[in-house]
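Visitor: The structure file model-v2.cif (mmCIF, C-alpha atoms) is provided below.
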```
data_my_file
loop_
_atom_site.label_atom_id
_atom_site.label_comp_id
_atom_site.auth_asym_id
_atom_site.auth_seq_id
_atom_site.Cartn_x
_atom_site.Cartn_y
_atom_site.Cartn_z
CA MET A 207 0.00 0.00 0.00
CA LYS A 208 2.79 2.33 0.96
CA LYS A 209 4.73 1.45 -2.24
CA PHE A 210 1.70 2.38 -4.30
CA ASP A 211 1.60 5.83 -2.73
CA LEU A 212 5.23 6.44 -3.54
CA GLU A 213 4.78 5.44 -7.18
CA LEU A 214 1.75 7.67 -7.47
CA ALA A 215 3.65 10.62 -6.04
CA VAL A 216 6.54 10.09 -8.47
CA GLY A 217 4.11 9.82 -11.39
CA VAL A 218 2.28 12.99 -10.46
CA PHE A 219 5.59 14.76 -10.02
CA MET A 220 6.76 13.62 -13.45
CA ILE A 221 3.55 14.75 -15.15
CA LEU A 222 3.79 18.09 -13.40
CA GLY A 223 7.37 18.43 -14.63
CA ILE A 224 6.39 17.67 -18.22
CA VAL A 225 3.54 20.17 -18.08
CA CYS A 226 5.92 22.80 -16.75
CA LEU A 227 8.42 22.07 -19.51
CA GLY A 228 5.72 22.31 -22.14
CA TYR A 229 4.50 25.59 -20.73
CA LEU A 230 8.03 26.96 -20.67
CA SER A 231 8.86 25.98 -24.23
CA ILE A 232 5.63 27.53 -25.53
CA LYS A 233 6.16 30.64 -23.47
CA LEU A 234 9.74 31.07 -24.58
CA GLY A 235 9.63 29.86 -28.14
CA LYS A 236 6.27 30.57 -29.69
CA MET A 237 5.17 33.65 -27.91
CA GLU A 238 3.87 35.37 -31.00
CA VAL A 239 2.14 32.31 -32.47
CA LEU A 240 0.03 31.82 -29.37
CA GLY A 241 -0.60 35.51 -29.04
CA GLY A 242 -1.60 35.29 -32.70
CA GLU A 243 -3.78 38.36 -32.60
CA GLY A 244 -2.28 41.17 -34.56
CA TYR A 245 -1.11 41.88 -38.05
CA GLU A 246 2.00 41.93 -40.16
CA ILE A 247 3.66 44.70 -42.10
CA GLN A 248 6.86 44.81 -44.09
CA ALA A 249 9.82 47.10 -44.35
CA VAL A 250 12.60 46.85 -46.91
CA PHE A 251 16.12 47.88 -45.92
CA SER A 252 19.23 48.16 -48.04
CA ASN A 253 21.01 46.55 -45.10
CA SER A 254 19.36 44.78 -42.19
CA GLY A 255 22.55 44.89 -40.12
CA GLY A 256 22.02 41.43 -38.68
CA LEU A 257 18.42 41.82 -37.56
CA LYS A 258 16.96 38.39 -36.81
CA ALA A 259 13.55 36.79 -36.51
CA GLY A 260 12.55 37.41 -32.91
CA SER A 261 14.30 40.79 -32.59
CA SER A 262 12.13 43.36 -30.88
CA VAL A 263 10.20 46.15 -32.52
CA VAL A 264 10.26 49.27 -30.41
CA ILE A 265 8.37 52.57 -30.35
CA ALA A 266 9.65 55.22 -27.94
CA GLY A 267 11.67 52.56 -26.15
CA VAL A 268 8.64 50.34 -25.54
CA GLU A 269 8.66 46.90 -27.08
CA VAL A 270 5.50 46.61 -29.16
CA GLY A 271 6.15 43.63 -31.41
CA ARG A 272 8.62 41.22 -32.90
CA VAL A 273 10.41 40.69 -36.18
CA LYS A 274 8.82 37.64 -37.74
CA GLU A 275 11.04 37.10 -40.73
CA VAL A 276 14.07 38.53 -42.47
CA ALA A 277 14.54 37.52 -46.08
CA LEU A 278 16.47 38.62 -49.13
CA GLU A 279 14.42 40.26 -51.86
CA ASP A 280 16.05 41.78 -54.91
CA TYR A 281 19.35 41.99 -52.98
CA ARG A 282 17.71 43.98 -50.22
CA ALA A 283 16.52 42.85 -46.82
CA ARG A 284 12.78 42.44 -46.46
CA VAL A 285 11.75 42.42 -42.82
CA VAL A 286 8.29 41.23 -41.74
CA LEU A 287 7.05 42.68 -38.45
CA HIS A 288 4.34 41.33 -36.23
CA LEU A 289 2.40 44.02 -34.41
CA PRO A 290 -0.61 43.92 -32.08
CA SER A 291 -3.87 44.81 -33.83
CA HIS A 292 -4.60 47.83 -31.65
CA LEU A 293 -1.37 49.52 -32.74
CA LYS A 294 -1.73 51.75 -35.78
CA ILE A 295 1.32 52.71 -37.83
CA GLN A 296 1.01 55.81 -40.00
CA GLU A 297 2.01 55.85 -43.64
CA ASP A 298 4.91 58.20 -43.02
CA ALA A 299 6.40 56.31 -40.09
CA ILE A 300 10.13 55.65 -40.32
CA ALA A 301 11.62 52.26 -39.48
CA SER A 302 15.26 52.15 -38.50
CA VAL A 303 17.59 49.38 -37.38
CA LYS A 304 19.30 50.22 -34.10
CA THR A 305 21.82 48.62 -31.78
CA LYS A 306 21.36 48.22 -28.05
CA GLY A 307 24.38 49.96 -26.62
CA LEU A 308 27.58 50.01 -28.63
CA ILE A 309 27.85 46.36 -29.57
CA GLY A 310 24.55 45.00 -28.34
CA GLU A 311 21.87 43.16 -30.26
CA LYS A 312 19.94 44.76 -33.08
CA TYR A 313 16.37 45.92 -32.83
CA LEU A 314 13.94 47.77 -35.03
CA GLU A 315 12.70 51.18 -34.03
CA ILE A 316 9.63 52.82 -35.49
CA THR A 317 9.28 56.60 -35.25
CA PRO A 318 5.57 57.27 -35.71
CA GLY A 319 4.49 59.74 -38.36
CA GLY A 320 1.64 62.20 -38.62
CA ALA A 321 -0.21 61.09 -41.75
CA ASP A 322 -3.95 60.35 -41.69
CA LYS A 323 -3.36 57.21 -43.69
CA ILE A 324 -2.65 54.06 -41.67
CA ILE A 325 -0.57 51.20 -43.04
CA PRO A 326 -2.95 48.28 -43.64
CA PRO A 327 -2.07 44.67 -42.72
CA GLU A 328 0.44 43.28 -45.26
CA GLY A 329 1.31 46.89 -46.08
CA ARG A 330 4.78 48.31 -46.06
CA ILE A 331 6.69 51.02 -44.20
CA ARG A 332 8.12 53.02 -47.05
CA ASP A 333 10.74 55.08 -45.26
CA THR A 334 13.46 52.95 -43.77
CA GLN A 335 16.88 53.68 -42.38
CA SER A 336 19.59 51.05 -42.37
CA PRO A 337 22.00 50.91 -39.45
CA VAL A 338 24.95 53.25 -39.59
CA ASP A 339 27.99 51.18 -40.33
CA LEU A 340 30.61 52.21 -37.79
CA GLU A 341 33.38 50.62 -39.79
CA GLU A 342 32.40 52.57 -42.88
CA LEU A 343 32.22 55.78 -40.88
CA ILE A 344 35.66 55.23 -39.42
CA SER A 345 37.15 54.33 -42.79
CA SER A 346 35.67 57.37 -44.48
CA TYR A 347 37.05 59.46 -41.66
CA VAL A 348 40.46 57.86 -42.01
CA PHE A 349 40.58 58.19 -45.77
CA GLY A 350 39.07 61.63 -45.64
CA LYS A 351 42.07 62.68 -43.54
CA LEU A 352 44.59 61.61 -46.16
CA MET B 7 17.62 33.60 -89.03
CA ARG B 8 14.19 33.68 -87.44
CA LYS B 9 15.72 33.22 -84.04
CA GLY B 10 17.92 36.23 -84.60
CA PHE B 11 14.89 38.35 -85.41
CA ARG B 12 13.21 37.32 -82.23
CA VAL B 13 16.22 38.13 -80.11
CA VAL B 14 16.65 41.67 -81.42
CA PRO B 15 13.33 43.09 -80.12
CA ILE B 16 13.95 41.50 -76.75
CA PHE B 17 17.29 43.25 -76.52
CA LEU B 18 15.70 46.51 -77.58
CA LEU B 19 13.05 46.08 -74.94
CA MET B 20 15.64 45.25 -72.31
CA GLY B 21 17.67 48.28 -73.25
CA PHE B 22 14.58 50.40 -73.00
CA LEU B 23 13.66 49.00 -69.59
CA ALA B 24 17.19 49.45 -68.31
CA SER B 25 17.30 53.08 -69.37
CA THR B 26 13.96 53.89 -67.75
CA ALA B 27 15.10 52.17 -64.60
CA LEU B 28 18.33 54.11 -64.51
CA ALA B 29 17.19 57.61 -65.31
CA GLY B 30 13.51 58.13 -64.87
CA GLU B 31 11.60 61.28 -64.13
CA PRO B 32 12.67 61.51 -60.45
CA THR B 33 16.37 61.33 -61.34
CA GLU B 34 15.86 63.88 -64.08
CA ALA B 35 14.19 66.20 -61.62
CA ILE B 36 17.06 65.90 -59.14
CA GLN B 37 19.61 66.31 -61.90
CA LYS B 38 17.91 69.44 -63.17
CA THR B 39 17.90 71.07 -59.75
CA THR B 40 21.46 69.98 -58.96
CA ASP B 41 22.77 71.35 -62.26
CA LYS B 42 20.92 74.57 -61.68
CA ILE B 43 22.42 75.04 -58.23
CA ILE B 44 25.93 74.15 -59.38
CA ALA B 45 25.55 76.69 -62.18
CA ILE B 46 24.57 79.36 -59.65
CA VAL B 47 27.37 78.51 -57.23
CA THR B 48 30.05 78.44 -59.92
CA ASP B 49 28.76 81.49 -61.77
CA PRO B 50 31.67 83.98 -61.87
CA ALA B 51 29.20 86.87 -62.14
CA LEU B 52 27.91 85.98 -58.68
CA LYS B 53 31.30 85.81 -56.95
CA GLY B 54 32.22 88.07 -54.08
CA PRO B 55 30.51 89.14 -50.87
CA ALA B 56 28.50 91.88 -52.58
CA LYS B 57 26.59 89.31 -54.57
CA SER B 58 26.16 86.75 -51.80
CA GLU B 59 22.62 87.89 -51.02
CA GLU B 60 21.56 87.53 -54.62
CA LYS B 61 23.27 84.16 -54.86
CA ALA B 62 21.51 82.91 -51.73
CA LYS B 63 18.20 84.05 -53.16
CA LEU B 64 18.75 82.20 -56.42
CA ILE B 65 19.77 79.03 -54.58
CA ARG B 66 16.71 79.31 -52.36
CA GLN B 67 14.49 79.60 -55.43
CA ALA B 68 16.01 76.52 -57.04
CA VAL B 69 15.63 74.53 -53.82
CA ASP B 70 12.06 75.68 -53.24
CA GLU B 71 11.11 74.38 -56.67
CA ARG B 72 12.22 70.89 -55.78
CA PHE B 73 11.60 70.57 -52.04
CA ASP B 74 8.13 70.29 -50.66
CA TRP B 75 8.30 72.23 -47.41
CA GLU B 76 4.77 71.39 -46.38
CA GLU B 77 5.30 67.66 -46.78
CA MET B 78 8.64 67.91 -44.97
CA SER B 79 7.18 69.92 -42.10
CA ARG B 80 4.26 67.55 -41.76
CA ARG B 81 6.56 64.56 -41.63
CA THR B 82 8.91 66.23 -39.17
CA LEU B 83 6.26 67.28 -36.69
CA ALA B 84 4.53 63.92 -37.23
CA ARG B 85 1.93 63.37 -34.50
CA HIS B 86 2.08 66.99 -33.41
CA TRP B 87 1.18 68.34 -36.87
CA GLN B 88 -2.53 67.59 -36.55
CA ASP B 89 -2.81 69.43 -33.24
CA ARG B 90 -1.57 72.68 -34.76
CA THR B 91 -3.68 75.50 -36.15
CA ASP B 92 -3.22 76.55 -39.76
CA ALA B 93 -1.35 79.68 -38.66
CA GLN B 94 1.01 77.61 -36.50
CA LYS B 95 1.60 75.19 -39.37
CA LYS B 96 2.49 78.01 -41.70
CA GLU B 97 4.77 79.62 -39.14
CA PHE B 98 6.53 76.33 -38.53
CA MET B 99 6.97 75.67 -42.27
CA VAL B 100 8.69 79.03 -42.75
CA LEU B 101 10.93 78.56 -39.72
CA PHE B 102 11.85 74.99 -40.61
CA ALA B 103 12.80 76.01 -44.13
CA GLU B 104 14.88 78.84 -42.69
CA LEU B 105 16.58 76.47 -40.27
CA LEU B 106 17.59 74.08 -43.05
CA GLU B 107 18.72 76.97 -45.17
CA ALA B 108 20.80 78.46 -42.36
CA THR B 109 22.34 75.07 -41.64
CA TYR B 110 23.11 73.96 -45.16
CA LEU B 111 23.43 77.05 -47.33
CA ASP B 112 27.08 77.71 -46.54
CA LYS B 113 27.83 74.06 -47.30
CA VAL B 114 26.25 74.48 -50.72
CA GLU B 115 28.06 77.75 -51.27
CA GLY B 116 31.34 76.08 -50.34
CA TYR B 117 31.05 73.95 -53.47
CA SER B 118 34.49 73.15 -54.82
CA GLY B 119 34.13 70.86 -57.78
CA GLU B 120 32.53 67.85 -56.10
CA LYS B 121 31.22 65.38 -58.61
CA VAL B 122 27.66 64.13 -58.46
CA ILE B 123 27.07 60.61 -59.71
CA TYR B 124 23.53 59.34 -60.24
CA GLU B 125 23.30 55.77 -59.10
CA GLY B 126 19.78 54.94 -60.06
CA GLU B 127 16.34 55.12 -58.60
CA ARG B 128 13.51 52.99 -57.32
CA SER B 129 9.99 54.11 -57.85
CA ASP B 130 6.78 52.71 -56.52
CA GLY B 131 3.70 54.51 -57.79
CA GLU B 132 3.81 58.07 -56.60
CA TYR B 133 6.91 57.52 -54.44
CA ALA B 134 10.54 57.26 -55.53
CA VAL B 135 14.02 57.08 -54.07
CA VAL B 136 16.91 58.56 -56.04
CA ALA B 137 20.39 57.45 -55.04
CA VAL B 138 23.25 59.85 -55.64
CA LYS B 139 26.92 59.69 -54.78
CA ILE B 140 28.89 62.84 -54.14
CA VAL B 141 32.60 62.44 -54.74
CA THR B 142 34.76 65.08 -53.13
CA GLN B 143 38.12 66.12 -54.50
CA LYS B 144 39.77 63.94 -51.89
CA GLU B 145 37.87 61.02 -53.45
CA THR B 146 35.69 60.57 -50.40
CA GLU B 147 32.31 59.24 -51.41
CA ILE B 148 29.18 60.47 -49.70
CA PRO B 149 26.03 58.48 -50.47
CA VAL B 150 22.90 60.62 -50.57
CA LYS B 151 19.35 59.42 -51.05
CA TYR B 152 16.48 61.67 -52.04
CA ARG B 153 13.01 60.44 -51.13
CA MET B 154 10.46 61.92 -53.47
CA LYS B 155 6.74 62.05 -53.93
CA LYS B 156 4.79 62.99 -57.01
CA ILE B 157 2.66 65.97 -56.06
CA LYS B 158 0.56 67.68 -58.72
CA ASN B 159 2.49 65.85 -61.45
CA GLU B 160 5.79 67.15 -60.16
CA TRP B 161 8.40 65.10 -58.32
CA ARG B 162 9.16 66.82 -55.02
CA VAL B 163 11.69 65.87 -52.35
CA TYR B 164 10.37 65.16 -48.86
CA ASP B 165 13.42 63.60 -47.20
CA ILE B 166 17.17 63.32 -47.69
CA SER B 167 19.42 60.67 -46.17
CA ILE B 168 23.11 61.36 -46.05
CA THR B 169 25.31 58.33 -45.33
CA GLY B 170 22.16 56.51 -44.32
CA VAL B 171 20.91 59.05 -41.78
CA SER B 172 17.53 60.53 -42.54
CA LEU B 173 17.08 64.25 -42.09
CA ILE B 174 13.39 63.97 -41.30
CA ASN B 175 13.92 61.18 -38.76
CA ASN B 176 16.62 63.19 -37.05
CA TYR B 177 14.49 66.31 -36.66
CA ARG B 178 11.34 64.30 -35.92
CA LYS B 179 12.97 62.77 -32.85
CA GLN B 180 14.48 66.05 -31.66
CA PHE B 181 11.27 68.04 -32.11
CA ASN B 182 9.17 65.30 -30.57
CA SER B 183 11.31 65.25 -27.46
CA ILE B 184 11.22 69.05 -27.15
CA ILE B 185 7.44 69.18 -27.61
CA THR B 186 6.75 66.37 -25.14
CA ARG B 187 9.16 67.80 -22.59
CA SER B 188 7.90 71.36 -22.80
CA SER B 189 5.61 72.70 -25.52
CA PHE B 190 5.23 73.60 -29.17
CA ASP B 191 5.83 77.26 -28.35
CA SER B 192 9.17 76.52 -26.77
CA LEU B 193 10.15 74.54 -29.88
CA MET B 194 9.34 77.60 -31.98
CA GLU B 195 11.39 79.79 -29.66
CA LYS B 196 14.34 77.41 -29.91
CA LEU B 197 14.05 77.30 -33.69
CA GLU B 198 13.94 81.07 -33.94
CA ALA B 199 16.99 81.41 -31.69
CA LYS B 200 18.88 78.81 -33.71
CA VAL B 201 18.05 80.47 -37.04
CA LYS B 202 19.18 83.85 -35.67
CA ARG B 203 22.44 82.39 -34.40
CA GLU B 204 23.23 80.70 -37.71
CA GLU B 205 22.63 83.88 -39.62
#
```
Would you give me this structure, written as structure tokens?
Guide:
Amino acid sequence: MKKFDLELAVGVFMILGIVCLGYLSIKLGKMEVLGGEGYEIQAVFSNSGGLKAGSSVVIAGVEVGRVKEVALEDYRARVVLHLPSHLKIQEDAIASVKTKGLIGEKYLEITPGGADKIIPPEGRIRDTQSPVDLEELISSYVFGKL
Amino acid sequence: MRKGFRVVPIFLLMGFLASTALAGEPTEAIQKTTDKIIAIVTDPALKGPAKSEEKAKLIRQAVDERFDWEEMSRRTLARHWQDRTDAQKKEFMVLFAELLEATYLDKVEGYSGEKVIYEGERSDGEYAVVAVKIVTQKETEIPVKYRMKKIKNEWRVYDISITGVSLINNYRKQFNSIITRSSFDSLMEKLEAKVKREE
């Protein structure tokens, strides 16, 4: 009788562990799929500067969405963003790739515009700004000095 | 023989497409304005401090033809544009144009034989981006991108990026932080002070 209790406790503990693991992996990995509400828009950059799927999309320092996909299109980087449906992005918003700190990870910042027109789902942010390439800046400075 | 005939029109078509892709209306518009300004700046009849006022006026005219100050002001003020009265909008437009002029005019006047190379354009309906490379005499290359919009059948510039930094985005962030920290009036005061100082 006592042995049965022990086995039961171990079993329950195991199941609890598996449930926890499952919850964790969903929470960590598929956040945006489960929170599937929202819409997607695109932005095309001449250089994505190492932006990755999962990078954050930020407005005024607040994380509002995630990068869903980065792909090459006509030798430029097409970035698909996933945004919550209540968030409206104006037609003249500017998307720029930024770095956290000096050598931190890349994220995408949107500076909201003032147009009446709102970008529809599957629409595209027209004005984009690729990251400033420090190396290029330094080299132009160096060669400019010659 | 027949094959050869079929190939020729395709090549013609490709050549035609390539040329429209390389130098379309937006590039032509930029080229026209750039040539005009270079002609003014290098005009020997306009040399000397006595003529500088006249020169500045001519440059301003050429720039006004190509730049859409209303579109630029609207994009710079962004969310704050709609809250302004018509009089405030007009006042801001004038000041903003003066600020840019005060900041960049002496750079334009300091022209010393830089070459301008047109690197192509991308257009998408009524919007276009024209890429230009400015090569200084020290062979430093400065990439410049003009963002344009077709307004009343005329291609007008609404943003410039120099080495990848957008002018509108730069001022949009600065103005936004000033307006949210204090007020629109204090932004106007700061702009006025800055324009006066630059002059």
Visitor: I'd like the contact shell of segment 32-47 of chain B - 10 Å cut-off, all atoms listed in the file, skipping same-chain residues fewer than 2 positions apart - returned as number ranges by chain.
Guide: B: 27-30, 49-53, 58, 61-62, 64-73, 114-120, 122-129, 133-138, 152-156, 160-163
Visitor: Could you state the separation of atom CA of Phe102 of chain B and atom CA of Gly319 of chain A in Å, given to one decimal place?
Guide: 17.1 Å
Visitor: Can you translate the PyMOL selection byres ((chain B and resi 147-149) around 10) into the concrete residues it hits in this file, as JSON, numbers by chain?
Guide: {"A": [346, 350], "B": [120, 121, 122, 123, 125, 137, 138, 139, 140, 141, 142, 143, 144, 145, 146, 150, 151, 167, 168, 169, 170]}
Visitor: Counting all atoms listed in the file, which residue out of A:Val276, A:Leu230, A:Ile300, A:Leu308 sits closest to chain B?
Guide: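 Closest candidate: A:Ile300.
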Visitor: Pick out the chain A residues within 12 Å of chain B. Count all atoms listed in the file. Give them as a PyMOL selection string.
Guide: chain A and resi 251-253+265-266+280+295-304+315-322+330+332-340+342-343+345-352
Visitor: Which of these residues is nearest to Leu257 of chain A, using all atoms listed in the file: A:Lys294, A:Lys233, A:Lys274, A:Lys323?
Guide: A:Lys274
Visitor: Applied to this file, what does the PyMOL selection byres ((chain A and resi 249) around 6) return in terms of residues, put as an MDAnalysis selection string?
Guide: chainID A and resid 248 250 284:285 330:331
Visitor: For each of B:Glu195, B:Glu31, B:Glu204, B:Asp112, take the minimum atom-to-atom distance to Glu59 of chain B, counting all atoms listed in the file, then give the residue where this is smallest.
Guide: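 Selected residue with least distance to Glu59 of chain B: B:Asp112.
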Visitor: Selection in question (the file shown): the PyMOL selection byres ((chain A and resi 293) around 10). Which residues does it include, as a PyMOL selection string?
Guide: chain A and resi 244-245+270-271+289-292+294-296
Visitor: Go ahead and find all residues with at least one atom no further than 7 Å from (7.0, 40.3, -41.7) in the file's coordinates, using all atoms listed in the file; report them as a PyMOL selection string.
Guide: chain A and resi 246-248+273-275+285-288
Visitor: Please compute the atom CA of Val201 of chain B-atom CA of Leu105 of chain B distance, one decimal, in Å.
Guide: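 Between these atoms lies a distance of 5.3 Å.
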Visitor: Can you work out the spacing between atom CA of Ile309 of chain A and atom CA of Ile166 of chain B in Å, to one decimal?
Guide: 27.0 Å
Visitor: Here is a test: counting only C-alpha atoms, which residue of A:Ala283, A:Leu212, A:Ile232, A:Ala259 is nearest to Tyr313 of chain A?
Guide: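 Of A:Ala283, A:Leu212, A:Ile232, A:Ala259, the one nearest Tyr313 of chain A, counting only C-alpha atoms, is A:Ala259.
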